[in-house]
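Read through the structure below, which is laid out as structure tokens, and then see the notes.
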Amino acid sequence: CLRKKEVNVLCLGLDNSGKTTIINQLKPANVSPLSEEWKHVSQTQAQEIVPTIGFNIEKFKSSSLSFTVFDMSGQSRYRNLWEHYYKDSHAIIFVIDSGDKLRMVVAKEELDTLFNHEDIRRKRIPILFFANKMDLHDAMSSVRVSQMLCLDNIKDKPWHICATNAVKGEGLKEGLDWLQGNMC
Ligand code: GTP
Ligand code: MG
């Protein structure tokens with residue numbers, strides 16, 4: 001498949017899962033634990049992370065691609081915004097709070113809704129799962145998270161799951177490298 005130079009990545013997941021923290025780790029490059037390859041090109045500086053209202057747009061560059069990341073709010077009242085961005089997205093990052101066992105079923109419901117949407121169903125876009133907050137003492141393993149979300153049922157799209165600690169930036173590079181390699 002042909003590589004696009006400019007790609008839109010949609011970052012989804014429940015509120016408090018760590019989406020904005022993950023995206024914030026990609027900027028600025030000099031304090032990021034990620035490699036030189038992942039340089040942030042947005043003007044905004046890292047600042048204290050607050051719950052996202054609506055969504056934010058961030059831009060990053062790797063050696064071969066320019067990324068536009070849509071950091072969506074995970075709050076239930078804003079989740080109806082997600083579907084408006086499905087059509088133009090080339091990849092999805094879905095973030096899960098591995099310590100939030102109670103809401104794993106809610107995360108699965110949102111994931112099922114995503115996969116059943118007609119703008120996603122017919123697209124073979126890569127889905128990267130971040131099983132975030134792996135540092136919490138009661139965090140579920142990424143294998144357990146993928147079982148809870150029935151990820152093995154995804155047959156028509158490439159997907160990958162990584163355990164991450166967004167506060168320290170651990171696990172993010174592995175996931176982003178996978179995503180870049182699976183982007184068409
Ligand atoms: P919404 O914008 O409301 O959808 O939330 P979000 O998914 O963007 O979550 P956000 O990045 O705002 O993080 C929520 C809280 O979780 C913050 O207090 C973060 O510091 C914390 N957090 C994020 N990642 C981790 C992690 O890997 N480990 C721990 N312990 N806390 C984390
Ligand atoms: Mg946020």
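Within each chain, counting starts at residue 1; across the structure tokens, chains are named A, B, ... in the order shown, with ligands numbered 1 upward in that order.
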
Return as a ChimeraX atom specification the full set of residues in chain A whose backbone-based DSSP assignment is strand (DSSP E).
/A:6-13,39-40,55-61,66-72,91-97,127-132,159-163

Output file for the residues above (C-alpha atoms, as a JSON list (two decimals), in the first residue's frame):
[["chain", "number", "residue", "atom", "x", "y", "z"],
["A", 6, "GLU", "CA", 0.21, 13.32, 6.11],
["A", 7, "VAL", "CA", -1.83, 11.13, 8.40],
["A", 8, "ASN", "CA", -4.71, 11.82, 10.77],
["A", 9, "VAL", "CA", -4.64, 9.85, 14.01],
["A", 10, "LEU", "CA", -7.69, 9.76, 16.25],
["A", 11, "CYS", "CA", -6.94, 9.30, 19.96],
["A", 12, "LEU", "CA", -9.93, 7.76, 21.75],
["A", 13, "GLY", "CA", -10.69, 6.19, 25.13],
["A", 39, "LYS", "CA", 9.70, 15.49, 16.95],
["A", 40, "HIS", "CA", 6.82, 17.64, 17.90],
["A", 55, "PHE", "CA", -10.94, 17.90, 21.59],
["A", 56, "ASN", "CA", -7.47, 19.26, 20.86],
["A", 57, "ILE", "CA", -5.41, 18.97, 17.71],
["A", 58, "GLU", "CA", -1.67, 18.33, 17.91],
["A", 59, "LYS", "CA", 0.87, 17.93, 15.13],
["A", 60, "PHE", "CA", 3.96, 15.73, 15.18],
["A", 61, "LYS", "CA", 6.56, 14.67, 12.65],
["A", 66, "SER", "CA", 3.46, 14.16, 9.46],
["A", 67, "PHE", "CA", 0.90, 13.29, 12.09],
["A", 68, "THR", "CA", -2.19, 15.28, 12.97],
["A", 69, "VAL", "CA", -3.50, 13.86, 16.23],
["A", 70, "PHE", "CA", -7.08, 14.48, 17.34],
["A", 71, "ASP", "CA", -7.02, 14.24, 21.14],
["A", 72, "MET", "CA", -10.70, 13.68, 21.88],
["A", 91, "ALA", "CA", -5.29, 5.27, 12.34],
["A", 92, "ILE", "CA", -6.80, 5.06, 15.82],
["A", 93, "ILE", "CA", -5.07, 5.07, 19.18],
["A", 94, "PHE", "CA", -7.41, 3.71, 21.86],
["A", 95, "VAL", "CA", -6.25, 4.31, 25.42],
["A", 96, "ILE", "CA", -7.38, 2.20, 28.39],
["A", 97, "ASP", "CA", -6.81, 2.85, 32.10],
["A", 127, "ILE", "CA", -5.77, 0.33, 15.76],
["A", 128, "LEU", "CA", -3.16, 0.81, 18.48],
["A", 129, "PHE", "CA", -4.25, 0.05, 22.05],
["A", 130, "PHE", "CA", -2.36, 1.54, 24.96],
["A", 131, "ALA", "CA", -3.03, -0.39, 28.19],
["A", 132, "ASN", "CA", -2.01, 2.66, 30.19],
["A", 159, "TRP", "CA", -4.14, -4.05, 15.84],
["A", 160, "HIS", "CA", -1.54, -4.04, 18.56],
["A", 161, "ILE", "CA", -1.57, -3.52, 22.32],
["A", 162, "CYS", "CA", 1.22, -2.11, 24.48],
["A", 163, "ALA", "CA", 1.43, -1.65, 28.22]]

Proximity check chain A to ligand 2, 9 Å, nearest pairs one decimal Å, only C-alpha atoms and all ligand atoms, as a Markdown table:
| residue | atom | partner | partner_atom_place_in_ligand_line | distance |
| --- | --- | --- | --- | --- |
| A:Asp15 | CA | ligand 2 | 1 (Mg) | 6.9 |
| A:Asn16 | CA | ligand 2 | 1 (Mg) | 7.1 |
| A:Ser17 | CA | ligand 2 | 1 (Mg) | 8.2 |
| A:Gly18 | CA | ligand 2 | 1 (Mg) | 6.7 |
| A:Lys19 | CA | ligand 2 | 1 (Mg) | 5.3 |
| A:Thr20 | CA | ligand 2 | 1 (Mg) | 4.1 |
| A:Thr21 | CA | ligand 2 | 1 (Mg) | 7.2 |
| A:Ile23 | CA | ligand 2 | 1 (Mg) | 8.9 |
| A:Ile49 | CA | ligand 2 | 1 (Mg) | 7.5 |
| A:Val50 | CA | ligand 2 | 1 (Mg) | 6.8 |
| A:Pro51 | CA | ligand 2 | 1 (Mg) | 4.9 |
| A:Thr52 | CA | ligand 2 | 1 (Mg) | 4.0 |
| A:Ile53 | CA | ligand 2 | 1 (Mg) | 7.6 |
| A:Gly54 | CA | ligand 2 | 1 (Mg) | 8.9 |
| A:Phe55 | CA | ligand 2 | 1 (Mg) | 7.6 |
| A:Asn56 | CA | ligand 2 | 1 (Mg) | 8.2 |
| A:Asp71 | CA | ligand 2 | 1 (Mg) | 6.5 |
| A:Met72 | CA | ligand 2 | 1 (Mg) | 6.5 |
| A:Ser73 | CA | ligand 2 | 1 (Mg) | 5.3 |
| A:Gly74 | CA | ligand 2 | 1 (Mg) | 7.0 |
| A:Gln75 | CA | ligand 2 | 1 (Mg) | 9.0 |

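The smallest atom-to-atom distance between Pro126 of chain A and any of A:Lys168, A:Arg103, A:His90, A:Lys155, using only C-alpha atoms, is found for A:His90.
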
Check the smallest atom-to-atom distance from each of A:Ser146, A:Asn153, A:Gln180, A:Thr164 to ligand 1 using only C-alpha atoms and all ligand atoms, then report the winner.
A:Thr164

Can you list every residue in chain A that DSSP puts in alpha helix (DSSP H), as number ranges by chain?
A: 19-24, 104-116, 118-121, 142-148, 172-181

Could you save those same residues with C-alpha atoms as a PDB file, in the first residue's frame?
ATOM      1  CA  LYS A  19      -4.831  10.280  26.216  1.00  0.00           C
ATOM      2  CA  THR A  20      -3.651  13.858  26.712  1.00  0.00           C
ATOM      3  CA  THR A  21      -0.772  12.704  28.937  1.00  0.00           C
ATOM      4  CA  ILE A  22       0.374  10.370  26.166  1.00  0.00           C
ATOM      5  CA  ILE A  23       0.193  13.055  23.508  1.00  0.00           C
ATOM      6  CA  ASN A  24       1.890  15.517  25.822  1.00  0.00           C
ATOM      7  CA  MET A 104     -13.549  -1.823  31.478  1.00  0.00           C
ATOM      8  CA  VAL A 105     -17.058  -2.820  30.377  1.00  0.00           C
ATOM      9  CA  VAL A 106     -17.785   0.801  29.440  1.00  0.00           C
ATOM     10  CA  ALA A 107     -14.564   0.914  27.434  1.00  0.00           C
ATOM     11  CA  LYS A 108     -15.637  -2.273  25.647  1.00  0.00           C
ATOM     12  CA  GLU A 109     -19.057  -0.773  24.860  1.00  0.00           C
ATOM     13  CA  GLU A 110     -17.421   2.297  23.332  1.00  0.00           C
ATOM     14  CA  LEU A 111     -15.046   0.085  21.355  1.00  0.00           C
ATOM     15  CA  ASP A 112     -17.938  -2.028  20.047  1.00  0.00           C
ATOM     16  CA  THR A 113     -19.790   1.132  19.027  1.00  0.00           C
ATOM     17  CA  LEU A 114     -16.658   2.306  17.229  1.00  0.00           C
ATOM     18  CA  PHE A 115     -16.211  -0.944  15.318  1.00  0.00           C
ATOM     19  CA  ASN A 116     -19.880  -1.051  14.348  1.00  0.00           C
ATOM     20  CA  GLU A 118     -20.087   2.385   9.095  1.00  0.00           C
ATOM     21  CA  ASP A 119     -17.178   4.801   8.650  1.00  0.00           C
ATOM     22  CA  ILE A 120     -14.887   2.424  10.567  1.00  0.00           C
ATOM     23  CA  ARG A 121     -16.345  -0.954   9.580  1.00  0.00           C
ATOM     24  CA  SER A 142      -2.049  -5.907  28.622  1.00  0.00           C
ATOM     25  CA  VAL A 143      -2.998  -9.546  27.976  1.00  0.00           C
ATOM     26  CA  ARG A 144      -5.826  -9.289  30.498  1.00  0.00           C
ATOM     27  CA  VAL A 145      -6.986  -5.975  29.032  1.00  0.00           C
ATOM     28  CA  SER A 146      -7.053  -7.472  25.530  1.00  0.00           C
ATOM     29  CA  GLN A 147      -9.118 -10.397  26.876  1.00  0.00           C
ATOM     30  CA  MET A 148     -11.563  -8.062  28.621  1.00  0.00           C
ATOM     31  CA  LEU A 172       4.907   4.708  23.881  1.00  0.00           C
ATOM     32  CA  LYS A 173       7.712   4.418  21.346  1.00  0.00           C
ATOM     33  CA  GLU A 174       7.078   0.728  20.748  1.00  0.00           C
ATOM     34  CA  GLY A 175       3.449   1.492  19.974  1.00  0.00           C
ATOM     35  CA  LEU A 176       4.164   4.451  17.724  1.00  0.00           C
ATOM     36  CA  ASP A 177       6.769   2.473  15.792  1.00  0.00           C
ATOM     37  CA  TRP A 178       4.190  -0.277  15.235  1.00  0.00           C
ATOM     38  CA  LEU A 179       1.625   2.290  14.113  1.00  0.00           C
ATOM     39  CA  GLN A 180       4.030   3.879  11.656  1.00  0.00           C
ATOM     40  CA  GLY A 181       4.891   0.479  10.221  1.00  0.00           C
TER      41      GLY A 181
END
